[in-house]
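K.L.:
Before we start, here is the structure in question, set down as C-alpha cells.
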Amino acid sequence: MTRAHEHGAAAQPEGTAPDAATTVARAAAHSRRAFLFKLSLALNGAVGAVLAVPILGYVLGPALKKNASYNAWVSLGPIADFPEGETRLVDYRNPVTMASDGATGNAACWVRHIEGRKFQVFAINCAHLGCPVRWFPQSKLFLCPCHGGAYYEDGARASGPPERGLFEYQYTVAGNHLLIEAGSLPTLATEACAKKKPLIQIAPQDAAADDANPARSS
Amino acid sequence: MDNPNQRKRPALKVFEWFDSRLGLARPLTEAAQHPTPERSASWWYVFGSAATVLLVLQVMTGILLALVYTPSAGEAWSSLQFLNHDVTLGWFLRAMHGWGSDFMIAIVLIHLVQVFLFGAYKFPRELTWIIGVFLLLLTLGMAFTGQVLRFDQDAYWGLGIGASIVSRFPLIGGPLVGLMLGGPIIGGPTLARFFALHVFVIPGILLVLVGLHVWMVLRLGINEWPMPGRIVSKASYAHEYHEETAKNGIPFVPDAAWKDAVFAAAILLSVMACALLLGPIGPTGQPDPTIIQTAPKPDFAFLWIYAVLAYLPPSLETPFIFIAPIVVIGGMLLLPLVAGEGEKHWSRRPVAVLMVAVIAVTLGTFTRLGTYTPWSPIMEAWSADTIPTKYLQDRSPLEREGALVLQNKQCRNCHALGGAGGMRGPALDNIAARMTEDQMIRQVLQGGGNMPAYGNALNPAETRALVSFLMTLRGKNLQPAVDSSRQLTTGSPEPLPAEQGDAATR
C-alpha cells in the first residue's frame, strides 16, 4: 500500500493532476504517511541495532574470551611414574569441561623426563594441523600419521610439513607431583595469543634456562 | 476442461474451493508447461533436477535420523551405534543419508561441468550460475558439517585440522578458533554448533537459494542446445531465444520432464543400492583424544584437500590456504561476468575444455593420493616384525647387524624394502646403486631432504652396521654408486672403503 503511494508521489511531478485541490490534499497526506513510514523504518533499525548487541555478544562470546583464561594447573601424577630418560603418554581431564563433553573432555600429552626435576611436556597435537603425534622410542622421533610431520625427542621439528616444533606445556614440580598448565586446544593461534604462557616452544639451547627457572606453582 | 463425470465432481469442487483461495493452479501449470527448446530436452540436462531430488532425499532422511541422533559430544557416538544396530532399519537410513551426500556432491559437480561446457552460464543466466556456485559451496559445507556430526575419531581430528587451519589466520586466528569450537577445546559446544549449522543454518540458506536458482531457470528458460558459431550477444539473445522456443519449443511437462524423472529415479535407486550393499558410513572409533592410535582421514570429497596440505612447502602453506580459495571461488563467481557473451559450444572454447580436463585430472590425482597417503609414515613399529630371510642370507655378521638396526630403528616406517614399508622416503632396494657409503652416512646422521637426522638415535657402531647393510642393497646387475669427484682428483677410480671386495668399482 505504502509503496504504491510512494510510486504515485514519484510520478506526480511529471503528470499534471486533474483536480489540483484534491491532489494537494493527497500529497500533504501522503508526505505525512511517507514520513511516518520512514520513521517506522528508522525505529526498527534502532531496535535492530539494540537487538544485535546481545545476539552478537552471545555468538561472539567464545571468540572474545581469552584462551589463557581457561588454563589451570593439572596434576599428571607423581614424578615416580616417569622414569628418567623416557617419554610417556599421559592422559588427564581438561580443567574446563561441561557435562556434554563426554570423552572429548579428556586430553593427553607426552611427558619427557630428562633428569631430576627437568621435564618436557608436549602436546599430542602436531604443529602442522593438530593430528595426534606418536612417540617411537627406538628412532627417538615423534611421527604424525596425517601428513608425516616428524619431531626429535626434544620436540624440535625434524622434517615434514610442520613449520615449528611441538607445542610445549608450562610445567612445574610441586612436592612430588608433575603439574602442567593446560586448558585449551593447542594451535598456532593459542600459542601466539597466549604470549609466553601456556604453550611455549623451548628451543633446545633455551631448555636449560627455562628449566632452571620453572613456572610459579599455583 | 473436460466434462466432469458424476464421481469426479466432489473432488473437483474441493479442488476449486482450495484454488479459488490459493490461486496456484494456473501459475504452476504455466510453469510446468513452459516451452523448452526441443533439443534441450536431452539426457545432458537432467543433472540439476537430480541434484534437487537428492536434496529432498537428504532433508527427509536427515529429519528421520534426527529422531534418534543425540547432538551431545558425550552421547552422539553411541546414538549412532544405536541407530546402526538397535533401531529397525536405522542402519539403512544412515546409509541412505551418507551415500546420498556422496551422490549429491557428485551430481552437483557433474551439473556444474555440464553447465560450464554448454556455456549455460552466459547471458542472461549469469546470476543463476553465481547462485549455483554458492549452492556448490553450501553442499560441500553440508558434507563437512555432516562428517562432524558422525562424531567419531575422524570427525574429532577433522575438527582439530579445521581449528589448526583457522588458527593460521593472521591476527584473529585465536578468536576464530574460539568461534568455531565454541570453547577452549573440541567438545559439547563444538558439536552443538555444527549440529545447528548442519540442521538449521546451511539447509535454510540452501533451500532459499535452490528456490531462487529454479525460479531463474523457469523465468529465463532452459539453456538452448549450443551450436558452434551461434554467438550469444546481449543485444539479440532474448529475441533469438524467444524465437527459438516459439518455433521449436515443447512443453517441459511432459515432453522434456520424463527424462529428468527417469534419471532421478535411477539415481535414487543407485543411492538405495549403495546403501543396501555398502552399508552405513562409520562411525569409526570413539571421539576420545587420548586414543592416539588413529590415522584420521576426511571423507572422500575432501581427500584432495588433505593431499594438497601434505605436499605444500611449509612456508607456502598458510598463504596458500587463505589465498587459493579466494582466487578459485572469486574466479568462479566472476566467470559469467567476464565471459557472459560469445561462443557457447565447447568445440569453440578450447580453453574451457582444457580447464575442465586439467582440474578433473588434478582433483582426481590428489584424491587418489589421499586414499593411500604415500606421504605418511606407516605408523606401526617394525621392531616386532621378523626380518625377511633373504635380507640375512649371504651377509656378513656386520651386515646382518645392520639389517637389525634397519628393522629396529623404524627405518621401514618411511622406506620400503622388498615392497613392504612406508612410501614417504625412497625405497631402499637399490640404494647402493644410487648413493655412496659416504653419502649414506651423511644422510643417516644429518638427515635432510625431508628425512630426520638420526645422529642422536644411532651410535657409531649402529651407523656403521646399518650403512654396511645398505651397501649390499643394489639391484641384480647394477653398478654401485661412485663418487666421481675422486675419479677427477686421483685420475683413477679409488676402491670404496667397504669391507666387501666386490663393492670395489671395475
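Letters A, B, ... go to the chains of the C-alpha cells in the order shown; residues in each chain start at 1; ligands are counted from 1 in the same order.
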If we count only C-alpha atoms and set the cut-off at 6 Å, which residues sit around region 158-167 of chain B, ignoring sequence neighbours fewer than 2 positions away in its own chain? Please answer as a PyMOL selection string.

P.N.:
(chain A and resi 129-130+187-189) or (chain B and resi 154-156+169+173-174+177)

K.L.:
For region 397-405 of chain B, please output as a ChimeraX atom specification all residues within 6 Å (counting only C-alpha atoms; exclusion window: fewer than 4 positions along the same chain).

P.N.:
/B:392,409,465-466,468-469

K.L.:
Write out as JSON lines a residue-level contact list of chain A versus chain B with cut-off 6 Å: for each qualifying residue the closest pair of atoms and the distance in Å to one decimal, counting only C-alpha atoms, rows sorted by chain and residue number upward.

P.N.:
```
{"residue": "A:Pro62", "atom": "CA", "partner": "B:Gly178", "partner_atom": "CA", "distance": 5.1}
{"residue": "A:Ala63", "atom": "CA", "partner": "B:Pro175", "partner_atom": "CA", "distance": 4.1}
{"residue": "A:Ser100", "atom": "CA", "partner": "B:Gly188", "partner_atom": "CA", "distance": 4.9}
{"residue": "A:Asp101", "atom": "CA", "partner": "B:Gly188", "partner_atom": "CA", "distance": 4.4}
{"residue": "A:Gly102", "atom": "CA", "partner": "B:Gly74", "partner_atom": "CA", "distance": 3.6}
{"residue": "A:Ala103", "atom": "CA", "partner": "B:Asp288", "partner_atom": "CA", "distance": 5.0}
{"residue": "A:Thr104", "atom": "CA", "partner": "B:Asp288", "partner_atom": "CA", "distance": 5.3}
{"residue": "A:Ala107", "atom": "CA", "partner": "B:Thr290", "partner_atom": "CA", "distance": 5.6}
{"residue": "A:Ala108", "atom": "CA", "partner": "B:Thr290", "partner_atom": "CA", "distance": 5.2}
{"residue": "A:Leu129", "atom": "CA", "partner": "B:Ile161", "partner_atom": "CA", "distance": 4.8}
{"residue": "A:Gly130", "atom": "CA", "partner": "B:Gly160", "partner_atom": "CA", "distance": 5.5}
{"residue": "A:Pro132", "atom": "CA", "partner": "B:Ile292", "partner_atom": "CA", "distance": 5.7}
{"residue": "A:Gln138", "atom": "CA", "partner": "B:Lys409", "partner_atom": "CA", "distance": 5.1}
{"residue": "A:Ser139", "atom": "CA", "partner": "B:Lys409", "partner_atom": "CA", "distance": 4.7}
{"residue": "A:Lys140", "atom": "CA", "partner": "B:Ala457", "partner_atom": "CA", "distance": 5.8}
{"residue": "A:Pro145", "atom": "CA", "partner": "B:Ala295", "partner_atom": "CA", "distance": 5.2}
{"residue": "A:His147", "atom": "CA", "partner": "B:Ala310", "partner_atom": "CA", "distance": 5.0}
{"residue": "A:Gly148", "atom": "CA", "partner": "B:Ser376", "partner_atom": "CA", "distance": 4.5}
{"residue": "A:Ala158", "atom": "CA", "partner": "B:Pro452", "partner_atom": "CA", "distance": 4.8}
{"residue": "A:Ser159", "atom": "CA", "partner": "B:Asn450", "partner_atom": "CA", "distance": 5.0}
{"residue": "A:Gly160", "atom": "CA", "partner": "B:Asn450", "partner_atom": "CA", "distance": 5.8}
{"residue": "A:Pro161", "atom": "CA", "partner": "B:Pro314", "partner_atom": "CA", "distance": 5.1}
{"residue": "A:Glu163", "atom": "CA", "partner": "B:Pro314", "partner_atom": "CA", "distance": 5.7}
{"residue": "A:Ser184", "atom": "CA", "partner": "B:Pro184", "partner_atom": "CA", "distance": 4.4}
{"residue": "A:Leu185", "atom": "CA", "partner": "B:Ile185", "partner_atom": "CA", "distance": 4.9}
{"residue": "A:Thr187", "atom": "CA", "partner": "B:Ser164", "partner_atom": "CA", "distance": 5.6}
{"residue": "A:Leu188", "atom": "CA", "partner": "B:Ser167", "partner_atom": "CA", "distance": 5.8}
{"residue": "A:Ala189", "atom": "CA", "partner": "B:Gly174", "partner_atom": "CA", "distance": 4.7}
{"residue": "A:Thr190", "atom": "CA", "partner": "B:Gly174", "partner_atom": "CA", "distance": 5.8}
```

K.L.:
Write the residues of the preceding selection, restricted to N, CA and C atoms, as a PDB file, in the first residue's frame.

P.N.:
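The result, written out as result_28.pdb:
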```pdb
ATOM      1  N   PRO A  62      32.413 -16.945  22.737  1.00  0.00           N
ATOM      2  CA  PRO A  62      33.574 -17.852  22.800  1.00  0.00           C
ATOM      3  C   PRO A  62      34.792 -17.283  22.090  1.00  0.00           C
ATOM      4  N   ALA A  63      34.565 -16.386  21.118  1.00  0.00           N
ATOM      5  CA  ALA A  63      35.699 -15.847  20.380  1.00  0.00           C
ATOM      6  C   ALA A  63      36.393 -14.765  21.181  1.00  0.00           C
ATOM      7  N   SER A 100      28.251 -32.189  28.748  1.00  0.00           N
ATOM      8  CA  SER A 100      28.042 -32.779  27.429  1.00  0.00           C
ATOM      9  C   SER A 100      29.345 -33.114  26.714  1.00  0.00           C
ATOM     10  N   ASP A 101      30.492 -32.860  27.350  1.00  0.00           N
ATOM     11  CA  ASP A 101      31.755 -33.090  26.653  1.00  0.00           C
ATOM     12  C   ASP A 101      32.084 -34.569  26.479  1.00  0.00           C
ATOM     13  N   GLY A 102      31.676 -35.392  27.429  1.00  0.00           N
ATOM     14  CA  GLY A 102      31.990 -36.808  27.339  1.00  0.00           C
ATOM     15  C   GLY A 102      33.487 -37.038  27.241  1.00  0.00           C
ATOM     16  N   ALA A 103      33.847 -37.997  26.388  1.00  0.00           N
ATOM     17  CA  ALA A 103      35.268 -38.356  26.262  1.00  0.00           C
ATOM     18  C   ALA A 103      36.087 -37.244  25.642  1.00  0.00           C
ATOM     19  N   THR A 104      35.424 -36.304  24.948  1.00  0.00           N
ATOM     20  CA  THR A 104      36.207 -35.233  24.325  1.00  0.00           C
ATOM     21  C   THR A 104      36.819 -34.302  25.375  1.00  0.00           C
ATOM     22  N   ALA A 107      42.167 -35.402  27.701  1.00  0.00           N
ATOM     23  CA  ALA A 107      43.294 -34.876  26.928  1.00  0.00           C
ATOM     24  C   ALA A 107      44.493 -35.766  27.205  1.00  0.00           C
ATOM     25  N   ALA A 108      45.472 -35.654  26.343  1.00  0.00           N
ATOM     26  CA  ALA A 108      46.684 -36.447  26.520  1.00  0.00           C
ATOM     27  C   ALA A 108      47.883 -35.579  26.197  1.00  0.00           C
ATOM     28  N   LEU A 129      48.767 -29.598  11.566  1.00  0.00           N
ATOM     29  CA  LEU A 129      47.306 -29.468  11.536  1.00  0.00           C
ATOM     30  C   LEU A 129      46.636 -30.179  12.710  1.00  0.00           C
ATOM     31  N   GLY A 130      47.392 -30.428  13.768  1.00  0.00           N
ATOM     32  CA  GLY A 130      46.751 -30.861  15.005  1.00  0.00           C
ATOM     33  C   GLY A 130      46.480 -32.338  15.174  1.00  0.00           C
ATOM     34  N   PRO A 132      47.210 -36.324  16.133  1.00  0.00           N
ATOM     35  CA  PRO A 132      47.945 -36.823  17.299  1.00  0.00           C
ATOM     36  C   PRO A 132      49.274 -37.466  16.906  1.00  0.00           C
ATOM     37  N   GLN A 138      62.594 -46.172  19.655  1.00  0.00           N
ATOM     38  CA  GLN A 138      63.817 -46.708  19.034  1.00  0.00           C
ATOM     39  C   GLN A 138      64.471 -45.661  18.133  1.00  0.00           C
ATOM     40  N   SER A 139      63.656 -44.971  17.332  1.00  0.00           N
ATOM     41  CA  SER A 139      64.244 -43.972  16.448  1.00  0.00           C
ATOM     42  C   SER A 139      64.217 -42.582  17.075  1.00  0.00           C
ATOM     43  N   LYS A 140      63.707 -42.495  18.307  1.00  0.00           N
ATOM     44  CA  LYS A 140      63.653 -41.239  19.063  1.00  0.00           C
ATOM     45  C   LYS A 140      62.982 -40.128  18.257  1.00  0.00           C
ATOM     46  N   PRO A 145      50.621 -39.142  11.950  1.00  0.00           N
ATOM     47  CA  PRO A 145      50.033 -40.029  10.945  1.00  0.00           C
ATOM     48  C   PRO A 145      49.381 -39.287   9.777  1.00  0.00           C
ATOM     49  N   HIS A 147      50.143 -36.116   7.908  1.00  0.00           N
ATOM     50  CA  HIS A 147      50.913 -35.650   6.766  1.00  0.00           C
ATOM     51  C   HIS A 147      52.409 -35.892   6.947  1.00  0.00           C
ATOM     52  N   GLY A 148      52.745 -36.730   7.925  1.00  0.00           N
ATOM     53  CA  GLY A 148      54.135 -37.153   8.055  1.00  0.00           C
ATOM     54  C   GLY A 148      55.054 -36.161   8.726  1.00  0.00           C
ATOM     55  N   ALA A 158      61.774 -32.050  12.984  1.00  0.00           N
ATOM     56  CA  ALA A 158      62.763 -32.864  12.284  1.00  0.00           C
ATOM     57  C   ALA A 158      62.537 -32.800  10.786  1.00  0.00           C
ATOM     58  N   SER A 159      61.304 -33.035  10.350  1.00  0.00           N
ATOM     59  CA  SER A 159      61.029 -32.974   8.914  1.00  0.00           C
ATOM     60  C   SER A 159      59.526 -32.934   8.696  1.00  0.00           C
ATOM     61  N   GLY A 160      59.162 -32.743   7.431  1.00  0.00           N
ATOM     62  CA  GLY A 160      57.751 -32.758   7.076  1.00  0.00           C
ATOM     63  C   GLY A 160      57.146 -31.378   7.066  1.00  0.00           C
ATOM     64  N   PRO A 161      55.811 -31.311   6.949  1.00  0.00           N
ATOM     65  CA  PRO A 161      55.168 -30.009   6.755  1.00  0.00           C
ATOM     66  C   PRO A 161      55.117 -29.061   7.958  1.00  0.00           C
ATOM     67  N   GLU A 163      55.883 -26.220  10.513  1.00  0.00           N
ATOM     68  CA  GLU A 163      56.815 -25.097  10.412  1.00  0.00           C
ATOM     69  C   GLU A 163      57.661 -24.942  11.658  1.00  0.00           C
ATOM     70  N   SER A 184      43.292 -25.324  26.929  1.00  0.00           N
ATOM     71  CA  SER A 184      42.696 -25.107  25.617  1.00  0.00           C
ATOM     72  C   SER A 184      43.448 -25.889  24.548  1.00  0.00           C
ATOM     73  N   LEU A 185      42.745 -26.151  23.455  1.00  0.00           N
ATOM     74  CA  LEU A 185      43.319 -26.922  22.355  1.00  0.00           C
ATOM     75  C   LEU A 185      44.552 -26.203  21.821  1.00  0.00           C
ATOM     76  N   THR A 187      46.895 -24.767  19.359  1.00  0.00           N
ATOM     77  CA  THR A 187      47.001 -24.473  17.928  1.00  0.00           C
ATOM     78  C   THR A 187      48.022 -23.371  17.774  1.00  0.00           C
ATOM     79  N   LEU A 188      48.345 -23.051  16.532  1.00  0.00           N
ATOM     80  CA  LEU A 188      49.303 -21.973  16.308  1.00  0.00           C
ATOM     81  C   LEU A 188      48.795 -20.674  16.904  1.00  0.00           C
ATOM     82  N   ALA A 189      47.464 -20.472  16.900  1.00  0.00           N
ATOM     83  CA  ALA A 189      46.901 -19.220  17.402  1.00  0.00           C
ATOM     84  C   ALA A 189      46.936 -19.162  18.921  1.00  0.00           C
ATOM     85  N   THR A 190      46.571 -20.258  19.580  1.00  0.00           N
ATOM     86  CA  THR A 190      46.599 -20.242  21.043  1.00  0.00           C
ATOM     87  C   THR A 190      48.003 -19.941  21.509  1.00  0.00           C
TER      88      THR A 190
END
```

K.L.:
Please provide as a PyMOL selection string all residues within 8 Å of Ile130 (chain B), with the sequence filter that same-chain residues fewer than 4 positions apart are discarded (counting only C-alpha atoms).

P.N.:
chain B and resi 126+134+332-333+336

K.L.:
Would you export the selected residues with N, CA and C atoms as a PDB file, in the first residue's frame, please?

P.N.:
```pdb
ATOM      1  N   GLU B 126      23.716 -15.396 -15.873  1.00  0.00           N
ATOM      2  CA  GLU B 126      24.901 -15.203 -15.030  1.00  0.00           C
ATOM      3  C   GLU B 126      24.578 -15.423 -13.553  1.00  0.00           C
ATOM      4  N   PHE B 134      27.389 -20.760  -5.089  1.00  0.00           N
ATOM      5  CA  PHE B 134      27.108 -20.792  -3.646  1.00  0.00           C
ATOM      6  C   PHE B 134      26.439 -22.110  -3.254  1.00  0.00           C
ATOM      7  N   MET B 332      35.311 -18.334 -10.062  1.00  0.00           N
ATOM      8  CA  MET B 332      34.050 -18.958 -10.464  1.00  0.00           C
ATOM      9  C   MET B 332      32.906 -17.947 -10.454  1.00  0.00           C
ATOM     10  N   LEU B 333      32.926 -17.062  -9.456  1.00  0.00           N
ATOM     11  CA  LEU B 333      31.845 -16.077  -9.365  1.00  0.00           C
ATOM     12  C   LEU B 333      31.942 -15.051 -10.496  1.00  0.00           C
ATOM     13  N   PRO B 336      30.915 -15.657 -15.249  1.00  0.00           N
ATOM     14  CA  PRO B 336      29.861 -15.232 -16.169  1.00  0.00           C
ATOM     15  C   PRO B 336      29.885 -13.729 -16.428  1.00  0.00           C
TER      16      PRO B 336
END
```

K.L.:
At a cut-off of 9 Å, using only C-alpha atoms, what residues contact Val90 (chain A)? Leave out same-chain residues fewer than 2 positions from it and give the result as a VMD selection string.

P.N.:
(chain A and resid 76 to 77 88 92 107 to 111) or (chain B and resid 290)

K.L.:
Running DSSP on the backbone, which parts of region 312-411 of chain B land in alpha helix (DSSP H), as a PyMOL selection string?

P.N.:
chain B and resi 314-338+350-372+397-408

K.L.:
Do a neighbour search on Lys344 (chain B) at 12 Å with only C-alpha atoms, toss out local chain neighbours closer than 6 positions, and write the hits as a list in words.

P.N.:
Gln114, Val115, Phe116, Leu117, Phe118, Gly119, Ala120, Tyr121, Lys122, Phe123, Asn223, Glu224, Trp225, Pro226, Met227, Pro228, Gly229, Arg230, Ile231, Val232, Ser233, Pro336, Pro350, Ala352 and Val353 of chain B

K.L.:
Quick one: residues within 8 Å of region 39-47 of chain B, only C-alpha atoms counted, chain neighbours fewer than 5 positions away excluded, as a list in words?

P.N.:
Ile107, Val108, Ile110, His111, Gln114, Ile222, Asn223, Glu224, Trp225, Phe252, Asp255, Ala256, Ala257, Lys259, Asp260, Phe263 and Ala264 of chain B

K.L.:
Considering only strand (DSSP E or B) as DSSP defines it on the backbone, what residues of region 6-233 of chain B qualify? List them as a PyMOL selection string.

P.N.:
chain B and resi 35-37+231-232

K.L.:
So which residues touch Leu428 (chain B) within 7 Å, counting only C-alpha atoms, skipping near sequence neighbours fewer than 6 positions away, as a count of residues only?

P.N.:
3

K.L.:
Counting only C-alpha atoms, which of B:Leu64, B:Ala11, B:Val361, B:Leu24 gets nearest to Val199 (chain B)?

P.N.:
B:Leu64

K.L.:
Please report the interatomic distance between CA of Thr29 (chain B) and CA of Val14 (chain B) in Å with one decimal.

P.N.:
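Separating CA of Thr29 (chain B) from CA of Val14 (chain B) is a distance of 18.1 Å.
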